[in-house]
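The structure appears below as structure tokens.
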Amino acid sequence: MINRLLTGLVCVGILSQCSGPRDPKEVSVGLPFYSQADFTPEWFDDEAIGNANIHTIAPFKLVNQNGDTITESDLKGKVYVANFFFTICPMICPKMTDNLERVVVEFEHDDSVLLVSHTVMPWVDSVAVLHDFAERRGIQSDKWHLLTGEKDDLYTLGRESYFADEGFGKSVTADSDFLHTENVVLVDSQLRIRGIYNGTLQLEMSRLIEDIRRLKGET
């Protein structure tokens with residue numbers, strides 16, 4: 001009975017993803033791909049993957065905390081972790097940032113792994129604000145980009161590329177007032193989504209770290 005209860009307790013969060021025993025397919029053939037907003041996992045063998053219509057992150061042009069322009073080309077060839085936040089968030093975002101710092105520590109000296117946090121309040125989070133935030137949190141721009149830009153660009157990228165705002169049991173339209181998600185997204189070197197995690201849970205960050213190592217093993 002206790003084992004059954006514990007198994008149920010780890011299947012939490014907006015994604016209803018279990019951090020306990022993995023799907024046998026995921027163990028045997030690698031991490032899945034996610035091409036739909038409902039985060040349905042898909043697996044492909046080596047022969048099929050070349051012809052598969054797999055979702056990729058769309059081209060974008062944003063600015064990081066140093067005022068440097070960052071595009072999808074800067075991320076291609078890397079394994080990266082993406083999320084959405086805002087600097088004046090009082091509760092959820094600080095917890096997510098704390099958890100993501102674990103990823104930085106694990107891959108501190110690995111140039112092939114990056115973190116990318118997109119503000120959802122660009123009218124507040126200017127380059128200067130993000131720079132100050134990065135300094136307070138000890139965030140290094142060569143490892144972790146804090147991105148800002150035009151609201152429409154950020155929200156379109158979030159909703160159409162990362163499927164942000166999905167998983168809450170509601171339908172969110174592009175003209176909704178505010179984008180908010182606890183999702184942390186793992187993206188491979190070809191800009192394809194390979195994992196979705198609840199960024200507020202330390203147990204999910206342990207799973208993310210494990211999956212980054214597995215994903216790096218594919219290349």
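Naming scheme: A, B, ... for chains in displayed order of the structure tokens; residues 1 onward per chain; ligands 1 onward as shown.
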
Quick one: contact table of stretch 27-94 of chain A to stretch 142-159 of chain A, 6 Å max, nearest atom pair and distance in Å to one decimal per residue, counting only C-alpha atoms, chain and number order, as a Markdown table?
| residue | atom | partner | partner_atom | distance |
| --- | --- | --- | --- | --- |
| A:Leu62 | CA | A:Gly149 | CA | 5.3 |
| A:Val63 | CA | A:Leu147 | CA | 5.4 |
| A:Asn64 | CA | A:Leu147 | CA | 4.4 |
| A:Gln65 | CA | A:Leu146 | CA | 5.6 |

I need the residues from that last selection saved to file as an mmCIF file, in the first residue's frame (with C-alpha atoms), if you can.
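File written: out-v4.cif
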data_model
loop_
_atom_site.group_PDB
_atom_site.id
_atom_site.type_symbol
_atom_site.label_atom_id
_atom_site.label_comp_id
_atom_site.auth_asym_id
_atom_site.auth_seq_id
_atom_site.Cartn_x
_atom_site.Cartn_y
_atom_site.Cartn_z
ATOM 1 C CA LEU A 62 15.715 38.455 -28.695
ATOM 2 C CA VAL A 63 18.175 40.232 -26.398
ATOM 3 C CA ASN A 64 19.906 38.851 -23.300
ATOM 4 C CA GLN A 65 20.914 40.476 -20.011
#

**OP:** Do a neighbour search on stretch 81-90 of chain A at 6 Å with only C-alpha atoms, toss out local chain neighbours closer than 3 positions, and write the hits as number ranges by chain.
**Re:** A: 93, 115-121, 184-186

Kindly export the residues of the current selection with N, CA and C atoms, as a compact mmCIF listing (two decimals), in the first residue's frame.
# COMPACT_ATOMS: atom_id res chain seq x y z
N CYS A 93 8.40 31.82 -9.63
CA CYS A 93 9.62 32.03 -10.41
C CYS A 93 10.89 31.89 -9.58
N LEU A 115 21.16 27.27 -20.49
CA LEU A 115 19.84 27.57 -19.98
C LEU A 115 19.35 28.86 -20.62
N VAL A 116 18.05 28.92 -20.90
CA VAL A 116 17.46 30.09 -21.53
C VAL A 116 16.14 30.41 -20.83
N SER A 117 16.08 31.57 -20.18
CA SER A 117 14.86 32.00 -19.50
C SER A 117 14.29 33.22 -20.21
N HIS A 118 13.02 33.12 -20.60
CA HIS A 118 12.35 34.19 -21.34
C HIS A 118 11.44 34.96 -20.38
N THR A 119 11.55 36.27 -20.35
CA THR A 119 10.63 37.03 -19.53
C THR A 119 9.24 37.05 -20.16
N VAL A 120 8.22 37.05 -19.33
CA VAL A 120 6.85 37.22 -19.81
C VAL A 120 6.34 38.63 -19.47
N MET A 121 7.23 39.46 -18.92
CA MET A 121 6.89 40.86 -18.62
C MET A 121 7.98 41.77 -19.20
N VAL A 184 9.30 23.55 -17.65
CA VAL A 184 10.69 23.66 -18.07
C VAL A 184 10.85 22.68 -19.22
N VAL A 185 11.45 23.15 -20.31
CA VAL A 185 11.49 22.39 -21.55
C VAL A 185 12.93 22.03 -21.90
N LEU A 186 13.16 20.77 -22.22
CA LEU A 186 14.47 20.31 -22.67
C LEU A 186 14.48 20.25 -24.19

Original post:
Got a sec to tell me which of stretch 5-209 of chain A DSSP assigns to helix (DSSP H, G or I), as a count of residues only?
Top reply: 64

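When only C-alpha atoms are used to compute distances to A:Gln202, the closest of the residues A:Asp132, A:Glu182, A:Asp110, A:Asp98 turns out to be A:Asp98.
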
Compile a residue-level contact table for stretch 75-106 of chain A against stretch 36-58 of chain A at a cut-off of 12 Å, reporting for every qualifying residue the shortest atom pair and its distance in Å to one decimal, with only C-alpha atoms counted, rows ordered by chain and ascending number, as a Markdown table.
| residue | atom | partner | partner_atom | distance |
| --- | --- | --- | --- | --- |
| A:Leu75 | CA | A:Ile57 | CA | 10.2 |
| A:Lys76 | CA | A:Ile57 | CA | 9.9 |
| A:Tyr80 | CA | A:Ile57 | CA | 11.7 |
| A:Ala82 | CA | A:Ile57 | CA | 10.9 |

Original post:
From the set A:Ile70, A:Leu179, A:Arg213, A:Thr200, which residue has the shortest atom-to-atom contact distance to A:Pro94, counting only C-alpha atoms?
Top reply: A:Thr200

Original post:
Within 9 Å of A:Ser112, counting only C-alpha atoms, which residues qualify if same-chain residues fewer than 5 places away don't, as a count of residues only?
Top reply: 7

Original post:
For the atom pair atom CA of A:Val113 and atom CA of A:Phe178, what is the interatomic distance in Å to one decimal place?
Top reply: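 Calculated distance between atom CA of A:Val113 and atom CA of A:Phe178 is 29.1 Å.
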
Subject >> Residues within 8 Å of A:Asn99, only C-alpha atoms, excluding chain neighbours under 4 positions, as a PyMOL selection string >> reply: chain A and resi 95+103+199-202+205

Original post:
What is the atom CA of A:Leu191 to atom CA of A:Asp111 distance in Å?
Top reply: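 Separation between atom CA of A:Leu191 and atom CA of A:Asp111: 16.5 Å.
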
**OP:** Name the closest residue to A:Asp68 among the candidates A:Glu106, A:Ala128, A:Trp123, A:Glu101; distances are taken between atoms, counting only C-alpha atoms.
**Re:**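 For A:Asp68, the nearest of the candidates is A:Ala128.
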
Original post:
So how far away is atom CA of A:Leu215 from atom CA of A:Asn198, in Å?
Top reply: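 Here the two named atoms are 18.5 Å from each other.
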
Using DSSP assignments from the backbone, pull out every residue in stretch 68-148 of chain A that falls under strand (DSSP E) and give it to me as a PDB file with all heavy atoms, in the first residue's frame.
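Resulting contents of selection32.pdb:
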ATOM      1  N   THR A  69      22.280  40.259 -28.894  1.00  0.00           N
ATOM      2  CA  THR A  69      21.207  39.638 -29.658  1.00  0.00           C
ATOM      3  C   THR A  69      21.412  38.132 -29.677  1.00  0.00           C
ATOM      4  O   THR A  69      22.509  37.641 -29.972  1.00  0.00           O
ATOM      5  CB  THR A  69      21.179  40.163 -31.101  1.00  0.00           C
ATOM      6  OG1 THR A  69      20.913  41.571 -31.065  1.00  0.00           O
ATOM      7  CG2 THR A  69      20.100  39.467 -31.915  1.00  0.00           C
ATOM      8  N   ILE A  70      20.353  37.399 -29.351  1.00  0.00           N
ATOM      9  CA  ILE A  70      20.375  35.941 -29.327  1.00  0.00           C
ATOM     10  C   ILE A  70      19.312  35.435 -30.290  1.00  0.00           C
ATOM     11  O   ILE A  70      18.164  35.884 -30.254  1.00  0.00           O
ATOM     12  CB  ILE A  70      20.102  35.386 -27.911  1.00  0.00           C
ATOM     13  CG1 ILE A  70      21.118  35.954 -26.903  1.00  0.00           C
ATOM     14  CG2 ILE A  70      20.129  33.865 -27.909  1.00  0.00           C
ATOM     15  CD1 ILE A  70      22.552  35.565 -27.172  1.00  0.00           C
ATOM     16  N   THR A  71      19.686  34.516 -31.157  1.00  0.00           N
ATOM     17  CA  THR A  71      18.749  33.893 -32.082  1.00  0.00           C
ATOM     18  C   THR A  71      18.800  32.386 -31.907  1.00  0.00           C
ATOM     19  O   THR A  71      19.625  31.857 -31.153  1.00  0.00           O
ATOM     20  CB  THR A  71      19.080  34.242 -33.543  1.00  0.00           C
ATOM     21  OG1 THR A  71      20.262  33.526 -33.938  1.00  0.00           O
ATOM     22  CG2 THR A  71      19.300  35.737 -33.718  1.00  0.00           C
ATOM     23  N   VAL A  79      22.518  21.504 -26.282  1.00  0.00           N
ATOM     24  CA  VAL A  79      21.378  21.006 -25.525  1.00  0.00           C
ATOM     25  C   VAL A  79      21.004  22.121 -24.560  1.00  0.00           C
ATOM     26  O   VAL A  79      21.861  22.629 -23.839  1.00  0.00           O
ATOM     27  CB  VAL A  79      21.742  19.724 -24.747  1.00  0.00           C
ATOM     28  CG1 VAL A  79      20.617  19.328 -23.797  1.00  0.00           C
ATOM     29  CG2 VAL A  79      22.055  18.586 -25.717  1.00  0.00           C
ATOM     30  N   TYR A  80      19.735  22.555 -24.590  1.00  0.00           N
ATOM     31  CA  TYR A  80      19.403  23.654 -23.694  1.00  0.00           C
ATOM     32  C   TYR A  80      18.073  23.442 -22.980  1.00  0.00           C
ATOM     33  O   TYR A  80      17.214  22.680 -23.425  1.00  0.00           O
ATOM     34  CB  TYR A  80      19.445  24.990 -24.421  1.00  0.00           C
ATOM     35  CG  TYR A  80      18.313  25.320 -25.356  1.00  0.00           C
ATOM     36  CD1 TYR A  80      17.202  26.049 -24.930  1.00  0.00           C
ATOM     37  CD2 TYR A  80      18.371  24.956 -26.711  1.00  0.00           C
ATOM     38  CE1 TYR A  80      16.179  26.384 -25.803  1.00  0.00           C
ATOM     39  CE2 TYR A  80      17.355  25.301 -27.590  1.00  0.00           C
ATOM     40  CZ  TYR A  80      16.262  26.009 -27.128  1.00  0.00           C
ATOM     41  OH  TYR A  80      15.254  26.345 -27.997  1.00  0.00           O
ATOM     42  N   VAL A  81      17.969  24.151 -21.866  1.00  0.00           N
ATOM     43  CA  VAL A  81      16.786  24.103 -21.004  1.00  0.00           C
ATOM     44  C   VAL A  81      16.116  25.468 -21.064  1.00  0.00           C
ATOM     45  O   VAL A  81      16.774  26.493 -20.855  1.00  0.00           O
ATOM     46  CB  VAL A  81      17.183  23.761 -19.555  1.00  0.00           C
ATOM     47  CG1 VAL A  81      15.959  23.792 -18.642  1.00  0.00           C
ATOM     48  CG2 VAL A  81      17.880  22.411 -19.498  1.00  0.00           C
ATOM     49  N   ALA A  82      14.826  25.499 -21.379  1.00  0.00           N
ATOM     50  CA  ALA A  82      14.100  26.759 -21.531  1.00  0.00           C
ATOM     51  C   ALA A  82      12.966  26.867 -20.520  1.00  0.00           C
ATOM     52  O   ALA A  82      12.323  25.859 -20.187  1.00  0.00           O
ATOM     53  CB  ALA A  82      13.543  26.882 -22.950  1.00  0.00           C
ATOM     54  N   ASN A  83      12.726  28.089 -20.054  1.00  0.00           N
ATOM     55  CA  ASN A  83      11.552  28.335 -19.212  1.00  0.00           C
ATOM     56  C   ASN A  83      11.109  29.778 -19.383  1.00  0.00           C
ATOM     57  O   ASN A  83      11.717  30.556 -20.118  1.00  0.00           O
ATOM     58  CB  ASN A  83      11.852  28.021 -17.738  1.00  0.00           C
ATOM     59  CG  ASN A  83      12.649  29.122 -17.054  1.00  0.00           C
ATOM     60  OD1 ASN A  83      13.669  29.575 -17.572  1.00  0.00           O
ATOM     61  ND2 ASN A  83      12.195  29.549 -15.891  1.00  0.00           N
ATOM     62  N   PHE A  84      10.010  30.140 -18.701  1.00  0.00           N
ATOM     63  CA  PHE A  84       9.444  31.479 -18.779  1.00  0.00           C
ATOM     64  C   PHE A  84       9.262  32.000 -17.362  1.00  0.00           C
ATOM     65  O   PHE A  84       8.826  31.263 -16.468  1.00  0.00           O
ATOM     66  CB  PHE A  84       8.120  31.462 -19.546  1.00  0.00           C
ATOM     67  CG  PHE A  84       8.316  31.153 -21.006  1.00  0.00           C
ATOM     68  CD1 PHE A  84       8.458  29.850 -21.438  1.00  0.00           C
ATOM     69  CD2 PHE A  84       8.399  32.180 -21.937  1.00  0.00           C
ATOM     70  CE1 PHE A  84       8.676  29.562 -22.779  1.00  0.00           C
ATOM     71  CE2 PHE A  84       8.612  31.906 -23.277  1.00  0.00           C
ATOM     72  CZ  PHE A  84       8.756  30.592 -23.700  1.00  0.00           C
ATOM     73  N   PHE A  85       9.572  33.286 -17.154  1.00  0.00           N
ATOM     74  CA  PHE A  85       9.583  33.844 -15.804  1.00  0.00           C
ATOM     75  C   PHE A  85       9.407  35.354 -15.886  1.00  0.00           C
ATOM     76  O   PHE A  85       9.317  35.934 -16.966  1.00  0.00           O
ATOM     77  CB  PHE A  85      10.905  33.492 -15.113  1.00  0.00           C
ATOM     78  CG  PHE A  85      12.029  34.441 -15.444  1.00  0.00           C
ATOM     79  CD1 PHE A  85      12.619  35.204 -14.451  1.00  0.00           C
ATOM     80  CD2 PHE A  85      12.485  34.597 -16.761  1.00  0.00           C
ATOM     81  CE1 PHE A  85      13.647  36.103 -14.752  1.00  0.00           C
ATOM     82  CE2 PHE A  85      13.510  35.483 -17.062  1.00  0.00           C
ATOM     83  CZ  PHE A  85      14.094  36.237 -16.056  1.00  0.00           C
ATOM     84  N   VAL A 113      25.854  22.619 -22.901  1.00  0.00           N
ATOM     85  CA  VAL A 113      24.575  22.716 -22.190  1.00  0.00           C
ATOM     86  C   VAL A 113      24.342  24.160 -21.770  1.00  0.00           C
ATOM     87  O   VAL A 113      25.188  24.772 -21.121  1.00  0.00           O
ATOM     88  CB  VAL A 113      24.550  21.797 -20.955  1.00  0.00           C
ATOM     89  CG1 VAL A 113      23.222  21.943 -20.207  1.00  0.00           C
ATOM     90  CG2 VAL A 113      24.772  20.343 -21.360  1.00  0.00           C
ATOM     91  N   LEU A 114      23.186  24.715 -22.144  1.00  0.00           N
ATOM     92  CA  LEU A 114      22.821  26.086 -21.804  1.00  0.00           C
ATOM     93  C   LEU A 114      21.452  26.141 -21.143  1.00  0.00           C
ATOM     94  O   LEU A 114      20.663  25.195 -21.254  1.00  0.00           O
ATOM     95  CB  LEU A 114      22.785  26.960 -23.067  1.00  0.00           C
ATOM     96  CG  LEU A 114      24.083  27.158 -23.838  1.00  0.00           C
ATOM     97  CD1 LEU A 114      23.805  27.974 -25.102  1.00  0.00           C
ATOM     98  CD2 LEU A 114      25.134  27.844 -22.982  1.00  0.00           C
ATOM     99  N   LEU A 115      21.163  27.267 -20.489  1.00  0.00           N
ATOM    100  CA  LEU A 115      19.837  27.567 -19.979  1.00  0.00           C
ATOM    101  C   LEU A 115      19.350  28.856 -20.615  1.00  0.00           C
ATOM    102  O   LEU A 115      20.139  29.774 -20.851  1.00  0.00           O
ATOM    103  CB  LEU A 115      19.836  27.709 -18.459  1.00  0.00           C
ATOM    104  CG  LEU A 115      19.919  26.401 -17.648  1.00  0.00           C
ATOM    105  CD1 LEU A 115      21.362  25.904 -17.586  1.00  0.00           C
ATOM    106  CD2 LEU A 115      19.384  26.595 -16.236  1.00  0.00           C
ATOM    107  N   VAL A 116      18.052  28.918 -20.896  1.00  0.00           N
ATOM    108  CA  VAL A 116      17.458  30.092 -21.535  1.00  0.00           C
ATOM    109  C   VAL A 116      16.144  30.413 -20.831  1.00  0.00           C
ATOM    110  O   VAL A 116      15.192  29.630 -20.886  1.00  0.00           O
ATOM    111  CB  VAL A 116      17.197  29.836 -23.035  1.00  0.00           C
ATOM    112  CG1 VAL A 116      16.631  31.088 -23.682  1.00  0.00           C
ATOM    113  CG2 VAL A 116      18.470  29.395 -23.746  1.00  0.00           C
ATOM    114  N   SER A 117      16.080  31.567 -20.184  1.00  0.00           N
ATOM    115  CA  SER A 117      14.860  32.004 -19.500  1.00  0.00           C
ATOM    116  C   SER A 117      14.292  33.223 -20.213  1.00  0.00           C
ATOM    117  O   SER A 117      14.992  34.220 -20.415  1.00  0.00           O
ATOM    118  CB  SER A 117      15.158  32.352 -18.039  1.00  0.00           C
ATOM    119  OG  SER A 117      15.541  31.207 -17.309  1.00  0.00           O
ATOM    120  N   HIS A 118      13.024  33.121 -20.600  1.00  0.00           N
ATOM    121  CA  HIS A 118      12.352  34.192 -21.339  1.00  0.00           C
ATOM    122  C   HIS A 118      11.437  34.957 -20.383  1.00  0.00           C
ATOM    123  O   HIS A 118      10.605  34.354 -19.703  1.00  0.00           O
ATOM    124  CB  HIS A 118      11.493  33.623 -22.462  1.00  0.00           C
ATOM    125  CG  HIS A 118      12.189  32.639 -23.356  1.00  0.00           C
ATOM    126  ND1 HIS A 118      12.502  31.352 -22.940  1.00  0.00           N
ATOM    127  CD2 HIS A 118      12.618  32.744 -24.637  1.00  0.00           C
ATOM    128  CE1 HIS A 118      13.096  30.709 -23.943  1.00  0.00           C
ATOM    129  NE2 HIS A 118      13.172  31.525 -24.968  1.00  0.00           N
ATOM    130  N   THR A 119      11.555  36.268 -20.355  1.00  0.00           N
ATOM    131  CA  THR A 119      10.627  37.030 -19.529  1.00  0.00           C
ATOM    132  C   THR A 119       9.239  37.055 -20.161  1.00  0.00           C
ATOM    133  O   THR A 119       9.107  37.091 -21.397  1.00  0.00           O
ATOM    134  CB  THR A 119      11.106  38.474 -19.301  1.00  0.00           C
ATOM    135  OG1 THR A 119      10.138  39.142 -18.459  1.00  0.00           O
ATOM    136  CG2 THR A 119      11.237  39.240 -20.596  1.00  0.00           C
ATOM    137  N   TRP A 144      23.801  30.975 -19.106  1.00  0.00           N
ATOM    138  CA  TRP A 144      22.365  31.168 -18.876  1.00  0.00           C
ATOM    139  C   TRP A 144      21.925  32.503 -19.458  1.00  0.00           C
ATOM    140  O   TRP A 144      22.289  33.561 -18.954  1.00  0.00           O
ATOM    141  CB  TRP A 144      22.107  31.125 -17.374  1.00  0.00           C
ATOM    142  CG  TRP A 144      20.686  31.000 -16.939  1.00  0.00           C
ATOM    143  CD1 TRP A 144      19.556  31.258 -17.665  1.00  0.00           C
ATOM    144  CD2 TRP A 144      20.236  30.581 -15.648  1.00  0.00           C
ATOM    145  NE1 TRP A 144      18.438  31.038 -16.911  1.00  0.00           N
ATOM    146  CE2 TRP A 144      18.818  30.611 -15.661  1.00  0.00           C
ATOM    147  CE3 TRP A 144      20.880  30.195 -14.474  1.00  0.00           C
ATOM    148  CZ2 TRP A 144      18.049  30.268 -14.563  1.00  0.00           C
ATOM    149  CZ3 TRP A 144      20.121  29.857 -13.370  1.00  0.00           C
ATOM    150  CH2 TRP A 144      18.722  29.887 -13.411  1.00  0.00           C
ATOM    151  N   HIS A 145      21.145  32.461 -20.525  1.00  0.00           N
ATOM    152  CA  HIS A 145      20.604  33.673 -21.149  1.00  0.00           C
ATOM    153  C   HIS A 145      19.268  34.041 -20.523  1.00  0.00           C
ATOM    154  O   HIS A 145      18.361  33.205 -20.434  1.00  0.00           O
ATOM    155  CB  HIS A 145      20.390  33.467 -22.650  1.00  0.00           C
ATOM    156  CG  HIS A 145      21.647  33.254 -23.425  1.00  0.00           C
ATOM    157  ND1 HIS A 145      22.639  34.213 -23.521  1.00  0.00           N
ATOM    158  CD2 HIS A 145      22.077  32.191 -24.161  1.00  0.00           C
ATOM    159  CE1 HIS A 145      23.615  33.755 -24.271  1.00  0.00           C
ATOM    160  NE2 HIS A 145      23.306  32.540 -24.675  1.00  0.00           N
ATOM    161  N   LEU A 146      19.136  35.293 -20.111  1.00  0.00           N
ATOM    162  CA  LEU A 146      17.848  35.854 -19.691  1.00  0.00           C
ATOM    163  C   LEU A 146      17.391  36.754 -20.833  1.00  0.00           C
ATOM    164  O   LEU A 146      18.029  37.767 -21.123  1.00  0.00           O
ATOM    165  CB  LEU A 146      17.998  36.663 -18.403  1.00  0.00           C
ATOM    166  CG  LEU A 146      18.697  35.963 -17.227  1.00  0.00           C
ATOM    167  CD1 LEU A 146      18.778  36.906 -16.029  1.00  0.00           C
ATOM    168  CD2 LEU A 146      17.983  34.680 -16.842  1.00  0.00           C
ATOM    169  N   LEU A 147      16.286  36.383 -21.486  1.00  0.00           N
ATOM    170  CA  LEU A 147      15.912  37.034 -22.737  1.00  0.00           C
ATOM    171  C   LEU A 147      14.711  37.947 -22.591  1.00  0.00           C
ATOM    172  O   LEU A 147      13.735  37.622 -21.910  1.00  0.00           O
ATOM    173  CB  LEU A 147      15.611  35.977 -23.802  1.00  0.00           C
ATOM    174  CG  LEU A 147      16.771  35.046 -24.176  1.00  0.00           C
ATOM    175  CD1 LEU A 147      16.336  34.100 -25.291  1.00  0.00           C
ATOM    176  CD2 LEU A 147      17.998  35.843 -24.600  1.00  0.00           C
TER     177      LEU A 147
END

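Candidate residues A:His109, A:His131, A:Arg194, A:His180 were compared for distance to A:Phe33, and the nearest is A:Arg194, using only C-alpha atoms.
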